[in-house]
file coords-v2.txt (compact mmCIF, C-alpha atoms)
# COMPACT_ATOMS: atom_id res chain seq x y z
CA MET A 1 -19.40 -14.63 24.70
CA ALA A 2 -22.25 -17.13 25.30
CA ASN A 3 -23.83 -14.82 27.87
CA GLU A 4 -23.64 -11.92 25.42
CA VAL A 5 -25.45 -14.01 22.80
CA GLN A 6 -28.31 -14.59 25.25
CA THR A 7 -28.70 -10.84 25.79
CA PHE A 8 -29.68 -10.38 22.14
CA ASN A 9 -33.38 -11.21 21.93
CA ILE A 10 -34.62 -11.68 18.35
CA ASP A 11 -38.22 -11.98 19.57
CA ALA A 12 -38.09 -8.35 20.71
CA LEU A 13 -37.64 -7.23 17.10
CA ASP A 14 -40.37 -6.12 14.72
CA GLU A 15 -41.90 -8.94 12.66
CA ASP A 16 -40.60 -7.60 9.34
CA ILE A 17 -37.13 -7.23 10.81
CA ARG A 18 -37.26 -10.79 12.20
CA LYS A 19 -38.16 -12.11 8.76
CA ARG A 20 -35.33 -10.16 7.18
CA LEU A 21 -32.84 -11.40 9.78
CA THR A 22 -34.03 -14.99 9.32
CA ALA A 23 -33.51 -14.67 5.56
CA LEU A 24 -30.01 -13.31 6.13
CA ASN A 25 -29.35 -16.16 8.55
CA SER A 26 -30.22 -18.66 5.80
CA LYS A 27 -28.14 -16.80 3.19
CA ILE A 28 -25.04 -16.75 5.39
CA GLU A 29 -25.54 -20.39 6.37
CA GLN A 30 -25.60 -21.46 2.72
CA HIS A 31 -22.64 -19.28 1.76
CA LYS A 32 -19.84 -21.63 0.71
CA LYS A 33 -17.67 -19.44 -1.52
CA ARG A 34 -14.21 -18.78 -0.15
CA ASP A 35 -12.84 -16.82 -3.08
CA THR A 36 -12.51 -13.05 -3.61
CA GLU A 37 -16.07 -12.53 -4.77
CA GLY A 38 -17.36 -14.63 -1.86
CA ALA A 39 -15.47 -12.46 0.62
CA PHE A 40 -17.16 -9.31 -0.70
CA GLU A 41 -20.58 -11.01 -0.63
CA LEU A 42 -20.08 -12.12 2.97
CA GLY A 43 -19.03 -8.62 3.99
CA GLU A 44 -22.18 -7.21 2.40
CA CYS A 45 -24.30 -9.75 4.33
CA PHE A 46 -22.63 -8.78 7.60
CA ASP A 47 -23.28 -5.09 6.87
CA GLU A 48 -26.93 -5.90 6.29
CA VAL A 49 -27.12 -7.80 9.59
CA ALA A 50 -25.70 -4.75 11.38
CA GLU A 51 -28.31 -2.57 9.70
CA VAL A 52 -31.15 -4.92 10.74
CA VAL A 53 -30.18 -5.42 14.37
CA GLY A 54 -29.35 -1.78 14.86
CA ASN A 55 -25.71 -1.65 16.05
CA ASP A 56 -22.32 -3.21 15.46
CA LYS A 57 -22.02 -4.92 18.83
CA ASP A 58 -25.33 -6.78 18.46
CA CYS A 59 -24.29 -7.73 14.92
CA GLU A 60 -21.05 -9.30 16.20
CA THR A 61 -22.91 -11.06 19.01
CA TRP A 62 -25.51 -12.49 16.63
CA LEU A 63 -22.96 -13.72 14.06
CA GLU A 64 -20.81 -15.39 16.70
CA GLY A 65 -23.77 -17.10 18.31
CA GLN A 66 -25.21 -18.30 14.99
CA PHE A 67 -22.14 -19.14 12.93
CA GLY A 68 -19.05 -18.90 15.17
CA TYR A 69 -17.59 -15.83 13.45
CA THR A 70 -15.51 -13.91 15.99
CA ASP A 71 -15.83 -10.15 16.28
CA ARG A 72 -12.50 -9.88 14.47
CA HIS A 73 -13.78 -11.96 11.54
CA THR A 74 -16.88 -9.81 11.34
CA ARG A 75 -14.92 -6.56 11.36
CA ASN A 76 -12.52 -7.88 8.68
CA TYR A 77 -15.28 -8.86 6.26
CA ARG A 78 -17.23 -5.66 6.89
CA SER A 79 -14.11 -3.58 6.21
CA LEU A 80 -14.21 -4.74 2.58
CA ARG A 81 -16.79 -2.01 1.93
CA ASN A 82 -13.75 0.32 1.89
CA LEU A 83 -12.67 -1.47 -1.31
CA LYS A 84 -16.02 -1.13 -3.05
CA ARG A 85 -14.61 1.02 -5.86
CA PHE A 86 -11.87 -1.60 -6.44
CA LYS A 87 -14.18 -4.63 -6.14
CA ALA A 88 -14.18 -5.64 -9.81
CA ARG A 89 -10.40 -5.32 -10.11
CA CYS A 90 -9.84 -7.31 -6.90
CA ILE A 91 -12.11 -10.10 -8.19
CA ASN A 92 -10.36 -10.16 -11.58
CA ALA A 93 -6.98 -10.37 -9.85
CA ALA A 94 -8.27 -13.18 -7.55
CA ILE A 95 -6.82 -11.59 -4.42
CA LEU A 96 -7.22 -13.79 -1.36
CA PRO A 97 -9.40 -12.49 1.53
CA THR A 98 -6.43 -12.31 3.92
CA ALA A 99 -4.73 -9.84 1.56
CA LEU A 100 -7.98 -7.93 1.03
CA PHE A 101 -8.29 -7.37 4.78
CA LYS A 102 -4.87 -5.64 4.74
CA MET A 103 -5.79 -3.53 1.72
CA ALA A 104 -9.14 -2.47 3.22
CA HIS A 105 -7.36 -0.29 5.81
CA ALA A 106 -4.84 1.30 3.39
CA ASP A 107 -4.85 4.60 1.51
CA GLN A 108 -6.14 4.64 -2.06
CA LYS A 109 -2.69 5.13 -3.60
CA ASP A 110 -1.31 2.16 -1.67
CA VAL A 111 -4.23 -0.01 -2.77
CA GLU A 112 -3.49 1.04 -6.36
CA ALA A 113 0.15 0.01 -5.87
CA VAL A 114 -0.87 -3.48 -4.69
CA LEU A 115 -3.40 -3.88 -7.49
CA ALA A 116 -0.77 -2.88 -10.05
CA GLU A 117 1.42 -5.74 -8.85
CA PHE A 118 -1.41 -8.29 -9.04
CA GLU A 119 -2.56 -7.00 -12.43
CA ALA A 120 0.99 -7.37 -13.74
CA GLY A 121 0.66 -11.11 -13.05
CA ARG A 122 2.66 -11.30 -9.83
CA LYS A 123 1.52 -13.74 -7.14
CA LEU A 124 1.87 -11.80 -3.90
CA ARG A 125 1.77 -13.29 -0.43
CA VAL A 126 0.14 -11.51 2.49
CA GLU A 127 3.58 -10.39 3.69
CA ASP A 128 4.32 -8.98 0.23
CA VAL A 129 1.07 -7.00 0.32
CA THR A 130 1.94 -5.72 3.79
CA ARG A 131 5.38 -4.64 2.60
CA ILE A 132 3.96 -2.73 -0.38
CA LEU A 133 1.36 -1.02 1.80
CA LYS A 134 4.19 0.13 4.05
CA GLY A 135 5.99 1.67 1.11
CA ASN A 136 8.58 -1.08 0.59
CA ASP A 137 10.14 -0.24 3.95
CA ALA A 138 9.70 -3.71 5.39
CA GLU A 139 12.23 -5.54 3.18
CA SER A 140 14.24 -8.33 4.78
CA ASP A 141 17.84 -9.52 4.41
CA GLY A 142 19.12 -5.97 4.01
CA VAL A 143 17.45 -5.64 0.61
CA ALA A 144 16.13 -2.17 1.45
CA GLU A 145 19.71 -0.95 1.95
CA ARG A 146 20.84 -2.05 -1.53
CA PRO A 147 20.60 0.04 -4.70
CA VAL A 148 17.75 -1.18 -6.91
CA GLU A 149 20.23 -2.39 -9.54
CA ASP A 150 21.96 -4.67 -6.98
CA ILE A 151 18.98 -6.64 -5.59
CA PRO A 152 19.54 -10.34 -6.44
CA GLY A 153 17.08 -12.87 -7.81
CA MET A 154 14.28 -12.45 -10.32
CA LYS A 155 12.30 -10.35 -7.87
CA GLY A 156 15.29 -8.03 -7.75
CA PHE A 157 15.35 -7.92 -11.55
CA GLU A 158 11.63 -7.10 -11.59
CA LYS A 159 12.22 -4.18 -9.22
CA TYR A 160 15.10 -2.92 -11.34
CA ALA A 161 13.09 -3.29 -14.56
CA PHE A 162 10.11 -1.52 -12.98
CA HIS A 163 12.38 1.34 -11.90
CA GLU A 164 13.84 1.69 -15.40
CA VAL A 165 10.48 1.47 -17.16
CA LYS A 166 9.12 4.18 -14.87
CA ASN A 167 12.00 6.47 -15.84
CA ARG A 168 11.50 5.67 -19.52
CA SER A 169 7.77 6.31 -19.37
CA GLU A 170 8.31 9.73 -17.81
CA ARG A 171 10.78 10.64 -20.55
CA LEU A 172 8.50 9.22 -23.26
CA LYS A 173 5.60 11.31 -21.98
CA GLU A 174 7.74 14.45 -22.09
CA LEU A 175 8.87 13.71 -25.66
CA MET A 176 5.38 12.88 -26.96
CA LEU A 177 3.92 16.04 -25.47
CA HIS A 178 6.57 18.10 -27.28
CA ILE A 179 5.87 16.25 -30.54
CA LEU A 180 2.09 16.63 -30.24
CA THR A 181 2.37 20.37 -29.50
CA SER A 182 4.70 20.85 -32.48
CA VAL A 183 2.42 18.87 -34.79
CA ILE A 184 -0.62 20.90 -33.73
CA ASP A 185 1.31 24.16 -34.17
CA ALA A 186 2.20 23.07 -37.71
CA TYR A 187 -1.24 21.78 -38.65
CA GLU A 188 -3.37 24.57 -37.12
CA PRO A 189 -3.04 26.92 -40.15
CA LYS A 190 -4.75 24.24 -42.29
CA LEU A 191 -7.94 24.87 -40.30
CA ARG A 192 -7.80 28.45 -41.61
CA GLY A 193 -7.09 27.41 -45.21
CA ARG A 194 -3.34 28.04 -45.08
CA ALA A 195 -0.44 25.79 -46.00
CA LEU A 196 1.52 23.37 -43.84
CA VAL A 197 5.20 24.36 -43.55
CA LYS A 198 6.73 20.90 -43.65
CA LYS A 199 10.36 21.93 -43.08
CA VAL A 200 9.62 23.73 -39.80
CA LEU A 201 7.82 20.73 -38.34
CA ARG A 202 10.57 18.38 -39.49
CA GLU A 203 13.22 20.34 -37.61
CA ASN A 204 11.03 20.72 -34.50
CA VAL A 205 10.35 17.02 -34.00
CA ARG A 206 13.21 15.13 -35.66
CA LEU A 207 15.31 14.45 -32.55
CA GLN A 208 12.37 14.02 -30.18
CA ALA A 209 10.64 11.54 -32.50
CA GLU A 210 13.89 9.58 -32.86
CA GLU A 211 14.32 9.29 -29.08
CA ALA A 212 10.64 8.50 -28.48
CA TYR A 213 10.73 5.78 -31.15
CA GLU A 214 13.82 4.15 -29.67
CA ILE A 215 12.50 4.29 -26.09
CA LEU A 216 9.17 2.77 -27.09
CA LYS A 217 10.69 0.08 -29.27
CA ALA A 218 13.28 -0.89 -26.64
CA THR A 219 10.53 -1.14 -24.01
CA ILE A 220 7.94 -3.19 -25.92
CA GLY A 221 10.03 -4.73 -28.71
CA ILE A 222 11.18 -8.34 -28.77
CA PHE A 223 14.50 -9.94 -29.72
CA GLN A 224 14.20 -12.24 -32.72
CA ARG A 225 16.30 -14.06 -35.29
CA ASP A 226 15.87 -14.33 -39.02
CA LYS A 227 13.51 -17.26 -39.57
CA ARG A 228 15.65 -18.63 -42.37
CA ARG A 229 18.76 -18.69 -40.21
CA GLN A 230 17.49 -19.52 -36.75
CA ASN A 231 20.76 -21.14 -35.59
CA VAL A 232 23.20 -18.50 -36.80
CA MET A 233 24.89 -16.36 -34.14
CA GLY A 234 25.01 -12.61 -34.56
CA LEU A 235 21.55 -12.28 -36.10
CA LEU A 236 19.56 -11.58 -32.95
CA ASN A 237 17.94 -8.17 -33.42
CA LEU A 238 15.45 -6.06 -31.51
CA GLY A 239 12.36 -6.22 -33.66
CA THR A 240 9.06 -4.41 -33.54
CA PRO A 241 6.32 -6.03 -31.46
CA THR A 242 4.30 -8.78 -33.12
CA ASN A 243 1.08 -7.80 -31.35
CA ASP A 244 -1.42 -5.33 -32.78
CA GLY A 245 -1.93 -3.15 -29.70
CA GLY A 246 -2.16 0.63 -29.65
CA TRP A 247 1.43 1.13 -28.53
CA SER A 248 2.91 -0.98 -31.32
CA LYS A 249 0.77 0.98 -33.79
CA LEU A 250 2.37 4.19 -32.56
CA LEU A 251 5.83 3.04 -33.71
CA PRO A 252 5.39 3.63 -37.47
CA THR A 253 3.91 7.06 -36.78
CA LEU A 254 6.94 8.04 -34.69
CA TRP A 255 9.18 6.66 -37.45
CA SER A 256 7.42 8.85 -40.04
CA LEU A 257 7.81 11.93 -37.83
CA ARG A 258 11.46 11.04 -37.28
CA TYR A 259 11.99 11.08 -41.07
CA PHE A 260 9.25 13.56 -41.93
CA GLU A 261 11.07 14.63 -45.10
CA GLU A 262 10.16 11.22 -46.55
CA VAL A 263 6.42 11.78 -46.01
CA PRO A 264 4.96 12.97 -49.37
CA SER A 265 4.10 16.68 -49.23
CA VAL A 266 0.68 16.09 -50.72
CA GLY A 267 -0.20 13.57 -48.02
CA ALA A 268 1.53 15.20 -45.02
CA PRO A 269 -1.49 17.18 -43.73
CA GLU A 270 -3.75 14.11 -43.83
CA PHE A 271 -1.06 12.03 -42.10
CA LEU A 272 -0.87 14.56 -39.27
CA LYS A 273 -4.65 14.92 -38.99
CA ASP A 274 -5.67 11.27 -39.31
CA GLU A 275 -2.74 9.50 -37.65
CA ALA A 276 -0.21 11.58 -35.73
CA ILE A 277 -2.59 13.76 -33.70
CA PRO A 278 -5.15 11.06 -32.79
CA GLN A 279 -2.47 8.50 -31.92
CA LEU A 280 -0.47 10.89 -29.75
CA GLN A 281 -3.71 12.01 -28.10
CA TRP A 282 -4.45 8.35 -27.31
CA ALA A 283 -0.92 7.71 -26.00
CA LEU A 284 -1.08 10.72 -23.68
CA ALA A 285 -4.71 9.94 -22.65
CA MET A 286 -5.76 13.49 -23.47
CA SER A 287 -9.38 14.54 -23.94
CA ASP A 288 -10.76 16.30 -27.00
CA ALA A 289 -11.09 19.43 -24.85
CA GLN A 290 -7.36 19.34 -24.06
CA ILE A 291 -6.52 18.92 -27.74
CA GLN A 292 -8.76 21.85 -28.58
CA ASP A 293 -6.93 23.95 -25.97
CA LEU A 294 -3.65 23.11 -27.70
CA PHE A 295 -5.16 24.20 -31.04
CA GLU A 296 -6.31 27.48 -29.53
CA GLN A 297 -2.84 28.10 -28.12
CA ALA A 298 -1.36 27.27 -31.54
CA ALA A 299 -3.77 29.68 -33.24
CA GLU A 300 -2.76 32.46 -30.87
CA LYS A 301 0.91 31.70 -31.39
CA ASN A 302 0.64 31.46 -35.20
CA ASN A 303 -1.42 34.65 -35.51
CA SER A 304 1.18 36.58 -33.55
CA LYS A 305 3.88 35.73 -36.10
CA PRO A 306 4.36 38.03 -39.11
CA VAL A 307 3.34 36.38 -42.38
CA VAL A 308 6.18 36.45 -44.91
CA LYS A 309 5.06 35.87 -48.49
CA LYS A 310 7.63 34.34 -50.78
CA GLU A 311 7.80 35.39 -54.43
CA LYS A 312 7.09 32.65 -56.91
CA PRO A 313 10.14 31.56 -58.95
CA ALA A 314 10.31 32.60 -62.58
CA ARG A 315 10.08 29.04 -63.82
CA ALA A 316 8.17 26.22 -62.27
CA ALA A 317 10.17 23.90 -60.13
CA ALA A 318 10.48 20.30 -61.18
CA LYS A 319 7.55 18.34 -59.90
CA GLU A 320 8.47 16.23 -56.93
CA THR A 321 8.22 12.53 -57.65
CA VAL A 322 6.69 10.90 -54.65
CA SER A 323 4.79 7.79 -53.93
CA PRO A 324 1.08 8.28 -53.28
CA PRO A 325 0.19 9.03 -49.65
CA SER A 326 -0.45 5.94 -47.61
CA SER A 327 -3.89 5.42 -46.20
CA SER A 328 -4.48 4.95 -42.49
CA ASN A 329 -4.52 1.17 -43.00
CA ASP A 330 -1.26 0.92 -44.99
CA THR A 331 1.81 -0.63 -43.44
CA CYS A 332 5.03 1.18 -42.56
CA LYS A 333 8.41 -0.55 -42.39
CA ASP A 334 11.37 1.01 -40.63
CA GLN A 335 14.95 0.77 -41.84
CA SER A 336 16.01 -1.85 -39.29
CA GLY A 337 14.41 -4.63 -41.32
CA ASP A 338 11.55 -5.25 -38.94
CA ALA A 339 8.25 -6.76 -39.99
CA PRO A 340 5.62 -4.21 -41.10
CA VAL A 341 3.29 -2.87 -38.42
CA ALA A 342 -0.24 -1.93 -39.45
CA ARG A 343 -1.27 1.67 -38.88
CA HIS A 344 -4.42 2.11 -36.93
CA ASP A 345 -7.48 4.33 -37.33
CA PHE A 346 -7.75 6.47 -34.23
CA LYS A 347 -10.76 8.68 -33.58
CA LEU A 348 -10.29 12.27 -34.71
CA PRO A 349 -11.66 15.00 -32.41
CA ASP A 350 -14.95 16.37 -33.75
CA PHE A 351 -13.84 20.00 -33.81
CA MET A 352 -10.99 19.13 -36.22
CA THR A 353 -13.42 17.44 -38.59
CA ARG A 354 -15.70 20.49 -38.46
CA GLY A 355 -12.73 22.79 -39.14
CA ALA A 356 -11.74 20.81 -42.25
CA VAL A 357 -15.32 20.90 -43.57
CA LYS A 358 -15.49 24.67 -42.95
CA VAL A 359 -12.31 25.29 -44.94
CA ALA A 360 -13.51 23.06 -47.80
CA THR A 361 -16.89 24.86 -47.90
CA SER A 362 -15.23 28.29 -47.87
CA THR A 363 -12.94 27.30 -50.76
CA ALA A 364 -15.88 25.97 -52.80
CA ASP A 365 -17.82 29.22 -52.22
CA LYS A 366 -14.91 31.29 -53.47
CA GLU A 367 -14.59 29.16 -56.60
CA ASP A 368 -18.32 29.53 -57.29
CA ALA A 369 -18.10 33.33 -56.89
CA ALA A 370 -15.23 33.47 -59.33
call {"tool": "encode", "arguments": {"input": "coords-v2.txt", "output": "structure tokens"}}
result
Amino acid sequence: MANEVQTFNIDALDEDIRKRLTALNSKIEQHKKRDTEGAFELGECFDEVAEVVGNDKDCETWLEGQFGYTDRHTRNYRSLRNLKRFKARCINAAILPTALFKMAHADQKDVEAVLAEFEAGRKLRVEDVTRILKGNDAESDGVAERPVEDIPGMKGFEKYAFHEVKNRSERLKELMLHILTSVIDAYEPKLRGRALVKKVLRENVRLQAEEAYEILKATIGIFQRDKRRQNVMGLLNLGTPTNDGGWSKLLPTLWSLRYFEEVPSVGAPEFLKDEAIPQLQWALAMSDAQIQDLFEQAAEKNNSKPVVKKEKPARAAAKETVSPPSSSNDTCKDQSGDAPVARHDFKLPDFMTRGAVKVATSTADKEDAA
């Protein structure tokens, strides 16, 4: 390689290019970082050298002659440009350069799979990264031949748990989409000044809300004992999460939909508008445009149904005694004795706010005319 270094003549370059190459030479020489961020920076420097000298071969020759980087080293660091869109996540996960070099030549979905493992807190070796990039086909000790529920060790348990959580999340998504669609179908008439039929919604979501609640709670809940009787056996229960994240805040909403008959009639529409719809929209990562599409579908469906007017009873029914509707910041406690979980204010789509204002304005106009 020494002869090849001599064939690259820096003096034959333009003066501006020589100055730029000299500056790069100094930058690379002073580069001491050996972490993830340093690997990306070095790859960017090598790419700039290739741009200055004009071709990849001269770049490799120059870097080997100046710093001792082999052509393989140079190609590895330069390949990190393939991970540019994942750079921040790779740095946050502190992935070693040797693992990055493997990831740089993988498909996007495989890179995502490796990042998911790192971001879950797992410390992967290079061989682990290689195995994941190959689609888990490179398992040793006959592990690949075993059912996921029979793989020993904590790594085996992690695989089994991951498999089960994936199945649960798919089912939870299916249930929440059904619930959201039913809630929107029930609430849509309110945008046209009509009443919410509470009984219909209750029957449409009761079972699905129950299953969704139990799946979510079993997945993110924690086992805990009564603080007053920490040492008593038989008092270990699955409680609601103690954190205040978005998923834990969804639990009381699912509980209220599960027992929708207990939601005060006067506060039911506001509960659906301010809590149920925005929270389910958040959980399903749906855009306002997608929610509006569901409202349009609900409007078409509701308008196609014949309107049946019920005659008012001869005497007024006894006034329902209910507790005042809870605000979006009230707490909700389920019947299992868990600690209260604060409800959260989720952003309401703009078009729903406009619809409510339109109905209120129309009602006020009618009252003024009368």
call {"tool": "atom_distance", "arguments": {"input": "coords-v2.txt", "atom1": "atom CA of Asp244 of chain A", "atom2": "atom CA of Gln224 of chain A"}}
result
17.1 Å
call {"tool": "closest_residue", "arguments": {"input": "coords-v2.txt", "among": "A:Asn92, A:Ser26, A:Gln279, A:Thr70", "to": "Phe118 of chain A", "atoms": "only C-alpha atoms"}}
result
A:Asn92
call {"tool": "atom_distance", "arguments": {"input": "coords-v2.txt", "atom1": "atom CA of Met176 of chain A", "atom2": "atom CA of Phe271 of chain A"}}
result
16.5 Å
call {"tool": "residues_around", "arguments": {"input": "coords-v2.txt", "residues": "Ile95 of chain A", "least_positions_apart": "5", "cutoff": "7 Å", "atoms": "only C-alpha atoms", "output": "PyMOL selection string"}}
result
chain A and resi 36+90+100
call {"tool": "closest_residue", "arguments": {"input": "coords-v2.txt", "among": "A:Ser287, A:Val49, A:Pro252, A:Ala195", "to": "Val266 of chain A", "atoms": "all atoms listed in the file"}}
result
A:Ala195
call {"tool": "closest_residue", "arguments": {"input": "coords-v2.txt", "among": "A:Thr74, A:Ala289, A:Glu44, A:Phe86", "to": "Asp58 of chain A", "atoms": "all atoms listed in the file"}}
result
A:Thr74
call {"tool": "residues_around", "arguments": {"input": "coords-v2.txt", "residues": "Leu83 of chain A", "least_positions_apart": "6", "cutoff": "9 Å", "atoms": "all atoms listed in the file", "output": "NGL selection string"}}
result
:A and (90 or 100 or 103-105 or 108 or 111)
call {"tool": "atom_distance", "arguments": {"input": "coords-v2.txt", "atom1": "atom CA of Ala23 of chain A", "atom2": "atom CA of Cys59 of chain A"}}
result
14.9 Å
call {"tool": "closest_residue", "arguments": {"input": "coords-v2.txt", "among": "A:Gln281, A:Gln297, A:Gln30, A:Thr130", "to": "Leu177 of chain A", "atoms": "all atoms listed in the file"}}
result
A:Gln281
call {"tool": "residues_around", "arguments": {"input": "coords-v2.txt", "residues": "segment 209-216 of chain A", "least_positions_apart": "2", "cutoff": "6 Å", "atoms": "only C-alpha atoms", "output": "VMD selection string"}}
result
chain A and resid 172 205 to 207 218 to 219 254 258
